[in-house]
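Participant: Dropping a structure here in structure tokens format, bear with me for questions.
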Amino acid sequence: HLPCTQGVKSSNLFISTIFESHEFIHGFFYFKVLKKMLLLIYILKGVIIMVYRFKQFIWAITSIFSSMDDSIVEKYLDNDEKVLFNRLNKMEKSHSIRVCNMALKNNKNNDVDKNKLAKIALLHDIGKSYKSLNVVDKSVLVILDKITSGRLKKFNKNNKVDIYYNHGKKSVELLQKMKKGYDSEFMEAIEMHHYVLNNNNIYLKIIKECDDNS
């Protein structure tokens, strides 16, 4: 009976090996599919970002040649704030006006102070007045930032790189000099509008979203 028993064991081992191999092949197949799906998602995300960047580039170019509706500036900024705002080049002023219009239009929160939100939107980039970035400068810096995964920031001794990464902080410094009594929520929304923060500053969330899409 021993040879028969050994035959049964060998058959069972063979069948078990087949099933294990089958499961391994399936597992490997699913892994490859998942990997391709993640790669596709990553590519689509990159395409969406590039579409937004291209749209921003077109807006920047057209803003140079088109007239600017500054009625919203007159409505929400006082004279001192308008002086700071008008230090920006036309491209940046048009961008800030777009951010402001979008923020006011998209906000559905009744607890948000409309006047405060508009001021933040219009003043969030005034730090760029230290060193003007033209449309080519901005486009190149955006691309280099993506390629280097932010490591370009190490070269902040270059004035344009410094302004690109630190204009939020410089905007706050300019506002502090005016001693208007802006609260911490106001200042944080301006300084950190390019960063993702897990806090309850609704103004920061609105401005970041509108800035990213304008």
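Labels for the structure tokens follow display order: chains A, B, ..., residues from 1 in each chain, ligands from 1.
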Mind checking which residues fall within 12 Å of Lys160 (chain A), counting only C-alpha atoms, ignoring those fewer than 4 positions away in the same chain, and posting them as a PDB file with N, CA, C and O atoms, in the first residue's frame?
Facilitator:
ATOM      1  N   GLY A 127       3.486  91.056  -2.163  1.00  0.00           N
ATOM      2  CA  GLY A 127       4.913  90.822  -1.939  1.00  0.00           C
ATOM      3  C   GLY A 127       5.692  90.714  -3.234  1.00  0.00           C
ATOM      4  O   GLY A 127       6.915  90.918  -3.261  1.00  0.00           O
ATOM      5  N   LYS A 128       5.011  90.428  -4.325  1.00  0.00           N
ATOM      6  CA  LYS A 128       5.669  90.327  -5.633  1.00  0.00           C
ATOM      7  C   LYS A 128       6.108  91.691  -6.154  1.00  0.00           C
ATOM      8  O   LYS A 128       6.820  91.767  -7.163  1.00  0.00           O
ATOM      9  N   SER A 129       5.677  92.745  -5.471  1.00  0.00           N
ATOM     10  CA  SER A 129       6.100  94.085  -5.891  1.00  0.00           C
ATOM     11  C   SER A 129       7.586  94.321  -5.620  1.00  0.00           C
ATOM     12  O   SER A 129       8.187  95.234  -6.188  1.00  0.00           O
ATOM     13  N   TYR A 130       8.185  93.503  -4.754  1.00  0.00           N
ATOM     14  CA  TYR A 130       9.623  93.624  -4.488  1.00  0.00           C
ATOM     15  C   TYR A 130      10.441  93.299  -5.739  1.00  0.00           C
ATOM     16  O   TYR A 130      11.480  93.884  -5.989  1.00  0.00           O
ATOM     17  N   LYS A 131       9.986  92.313  -6.493  1.00  0.00           N
ATOM     18  CA  LYS A 131      10.674  91.906  -7.716  1.00  0.00           C
ATOM     19  C   LYS A 131       9.628  91.399  -8.703  1.00  0.00           C
ATOM     20  O   LYS A 131       9.023  90.344  -8.491  1.00  0.00           O
ATOM     21  N   SER A 132       9.426  92.137  -9.763  1.00  0.00           N
ATOM     22  CA  SER A 132       8.385  91.783 -10.717  1.00  0.00           C
ATOM     23  C   SER A 132       8.751  90.522 -11.498  1.00  0.00           C
ATOM     24  O   SER A 132       9.878  90.365 -11.971  1.00  0.00           O
ATOM     25  N   LEU A 133       7.780  89.611 -11.596  1.00  0.00           N
ATOM     26  CA  LEU A 133       7.946  88.396 -12.395  1.00  0.00           C
ATOM     27  C   LEU A 133       7.080  88.516 -13.641  1.00  0.00           C
ATOM     28  O   LEU A 133       5.858  88.658 -13.531  1.00  0.00           O
ATOM     29  N   ASN A 134       7.708  88.469 -14.815  1.00  0.00           N
ATOM     30  CA  ASN A 134       6.903  88.504 -16.032  1.00  0.00           C
ATOM     31  C   ASN A 134       6.356  87.107 -16.326  1.00  0.00           C
ATOM     32  O   ASN A 134       6.662  86.146 -15.623  1.00  0.00           O
ATOM     33  N   VAL A 136       6.994  84.948 -18.602  1.00  0.00           N
ATOM     34  CA  VAL A 136       8.005  83.929 -18.913  1.00  0.00           C
ATOM     35  C   VAL A 136       8.698  83.465 -17.636  1.00  0.00           C
ATOM     36  O   VAL A 136       8.885  82.266 -17.414  1.00  0.00           O
ATOM     37  N   ASP A 137       9.076  84.425 -16.773  1.00  0.00           N
ATOM     38  CA  ASP A 137       9.702  84.088 -15.484  1.00  0.00           C
ATOM     39  C   ASP A 137       8.818  83.120 -14.709  1.00  0.00           C
ATOM     40  O   ASP A 137       9.272  82.087 -14.215  1.00  0.00           O
ATOM     41  N   LYS A 138       7.545  83.479 -14.603  1.00  0.00           N
ATOM     42  CA  LYS A 138       6.602  82.693 -13.812  1.00  0.00           C
ATOM     43  C   LYS A 138       6.429  81.291 -14.384  1.00  0.00           C
ATOM     44  O   LYS A 138       6.416  80.299 -13.632  1.00  0.00           O
ATOM     45  N   SER A 139       6.325  81.192 -15.700  1.00  0.00           N
ATOM     46  CA  SER A 139       6.143  79.891 -16.349  1.00  0.00           C
ATOM     47  C   SER A 139       7.355  78.996 -16.137  1.00  0.00           C
ATOM     48  O   SER A 139       7.215  77.807 -15.819  1.00  0.00           O
ATOM     49  N   VAL A 140       8.555  79.571 -16.294  1.00  0.00           N
ATOM     50  CA  VAL A 140       9.786  78.802 -16.112  1.00  0.00           C
ATOM     51  C   VAL A 140       9.915  78.321 -14.666  1.00  0.00           C
ATOM     52  O   VAL A 140      10.271  77.157 -14.407  1.00  0.00           O
ATOM     53  N   LEU A 141       9.611  79.197 -13.718  1.00  0.00           N
ATOM     54  CA  LEU A 141       9.718  78.838 -12.299  1.00  0.00           C
ATOM     55  C   LEU A 141       8.724  77.748 -11.917  1.00  0.00           C
ATOM     56  O   LEU A 141       9.044  76.855 -11.133  1.00  0.00           O
ATOM     57  N   VAL A 142       7.521  77.813 -12.471  1.00  0.00           N
ATOM     58  CA  VAL A 142       6.508  76.776 -12.206  1.00  0.00           C
ATOM     59  C   VAL A 142       6.999  75.420 -12.704  1.00  0.00           C
ATOM     60  O   VAL A 142       6.908  74.406 -11.998  1.00  0.00           O
ATOM     61  N   LEU A 152      14.113  73.565  -5.969  1.00  0.00           N
ATOM     62  CA  LEU A 152      14.552  74.858  -6.510  1.00  0.00           C
ATOM     63  C   LEU A 152      14.605  75.920  -5.409  1.00  0.00           C
ATOM     64  O   LEU A 152      15.357  76.897  -5.510  1.00  0.00           O
ATOM     65  N   LYS A 153      13.823  75.711  -4.356  1.00  0.00           N
ATOM     66  CA  LYS A 153      13.733  76.667  -3.248  1.00  0.00           C
ATOM     67  C   LYS A 153      15.088  76.933  -2.608  1.00  0.00           C
ATOM     68  O   LYS A 153      15.312  77.985  -2.008  1.00  0.00           O
ATOM     69  N   PHE A 155      17.700  77.726  -3.972  1.00  0.00           N
ATOM     70  CA  PHE A 155      18.395  78.797  -4.679  1.00  0.00           C
ATOM     71  C   PHE A 155      17.711  80.150  -4.447  1.00  0.00           C
ATOM     72  O   PHE A 155      17.629  80.985  -5.348  1.00  0.00           O
ATOM     73  N   ASN A 156      17.220  80.348  -3.216  1.00  0.00           N
ATOM     74  CA  ASN A 156      16.445  81.561  -2.939  1.00  0.00           C
ATOM     75  C   ASN A 156      17.287  82.829  -2.819  1.00  0.00           C
ATOM     76  O   ASN A 156      16.764  83.896  -2.537  1.00  0.00           O
ATOM     77  N   TYR A 164       9.220  84.038  -5.843  1.00  0.00           N
ATOM     78  CA  TYR A 164       8.288  82.969  -6.217  1.00  0.00           C
ATOM     79  C   TYR A 164       7.855  82.166  -4.990  1.00  0.00           C
ATOM     80  O   TYR A 164       6.668  81.856  -4.824  1.00  0.00           O
ATOM     81  N   TYR A 165       8.806  81.841  -4.119  1.00  0.00           N
ATOM     82  CA  TYR A 165       8.495  81.003  -2.952  1.00  0.00           C
ATOM     83  C   TYR A 165       8.070  81.792  -1.713  1.00  0.00           C
ATOM     84  O   TYR A 165       7.331  81.271  -0.880  1.00  0.00           O
ATOM     85  N   ASN A 166       8.530  83.029  -1.584  1.00  0.00           N
ATOM     86  CA  ASN A 166       8.340  83.747  -0.317  1.00  0.00           C
ATOM     87  C   ASN A 166       7.512  85.016  -0.434  1.00  0.00           C
ATOM     88  O   ASN A 166       7.507  85.832   0.491  1.00  0.00           O
ATOM     89  N   HIS A 167       6.780  85.184  -1.552  1.00  0.00           N
ATOM     90  CA  HIS A 167       6.017  86.423  -1.704  1.00  0.00           C
ATOM     91  C   HIS A 167       4.891  86.548  -0.672  1.00  0.00           C
ATOM     92  O   HIS A 167       4.506  87.658  -0.314  1.00  0.00           O
TER      93      HIS A 167
END
Participant: Using only C-alpha atoms, determine which residues lie at most 7 Å from Tyr76 (chain A), disregarding the query and same-chain residues fewer than 6 positions distant; provide the list as an NGL selection string.
Facilitator: :A and (115 or 118-119)
Participant: Export N, CA and C atoms of the chosen residues as a CSV table (one decimal), in the first residue's frame?
Facilitator:
chain,number,residue,atom,x,y,z
A,115,ASN,N,-16.0,91.7,3.1
A,115,ASN,CA,-15.0,92.8,3.0
A,115,ASN,C,-13.6,92.3,3.3
A,118,ALA,N,-12.4,89.9,0.4
A,118,ALA,CA,-12.0,90.7,-0.8
A,118,ALA,C,-10.7,91.3,-0.6
A,119,LYS,N,-10.4,91.9,0.6
A,119,LYS,CA,-9.1,92.5,0.9
A,119,LYS,C,-8.0,91.5,0.8
Participant: Neighbours of region 171-182 of chain A within 7 Å (only C-alpha atoms; same-chain residues fewer than 6 positions away dropped), as a list in words?
Facilitator: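 My reading of the contact set: His124, Asp125, Ile126, Gly127, Ile190 and Glu191 of chain A.
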Participant: Env of Met192 (chain A): 8 Å cut, atoms = only C-alpha atoms, seq-sep filter 5 positions within chain, self excluded. Answer as a ChimeraX atom specification.
Facilitator: /A:168-169,204
Participant: Mind writing the picked residues with C-alpha atoms as a PDB file, in the first residue's frame?
Facilitator:
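File written: out13.pdb
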ATOM      1  CA  GLY A 168       3.334  85.477   0.838  1.00  0.00           C
ATOM      2  CA  LYS A 169       5.659  86.252   3.732  1.00  0.00           C
ATOM      3  CA  LEU A 204      -7.111  80.584   3.679  1.00  0.00           C
TER       4      LEU A 204
END
Participant: I'd like the interatomic distance between CA of Lys114 (chain A) and CA of Asp70 (chain A), to a tenth of an Å.
Facilitator: 17.3 Å
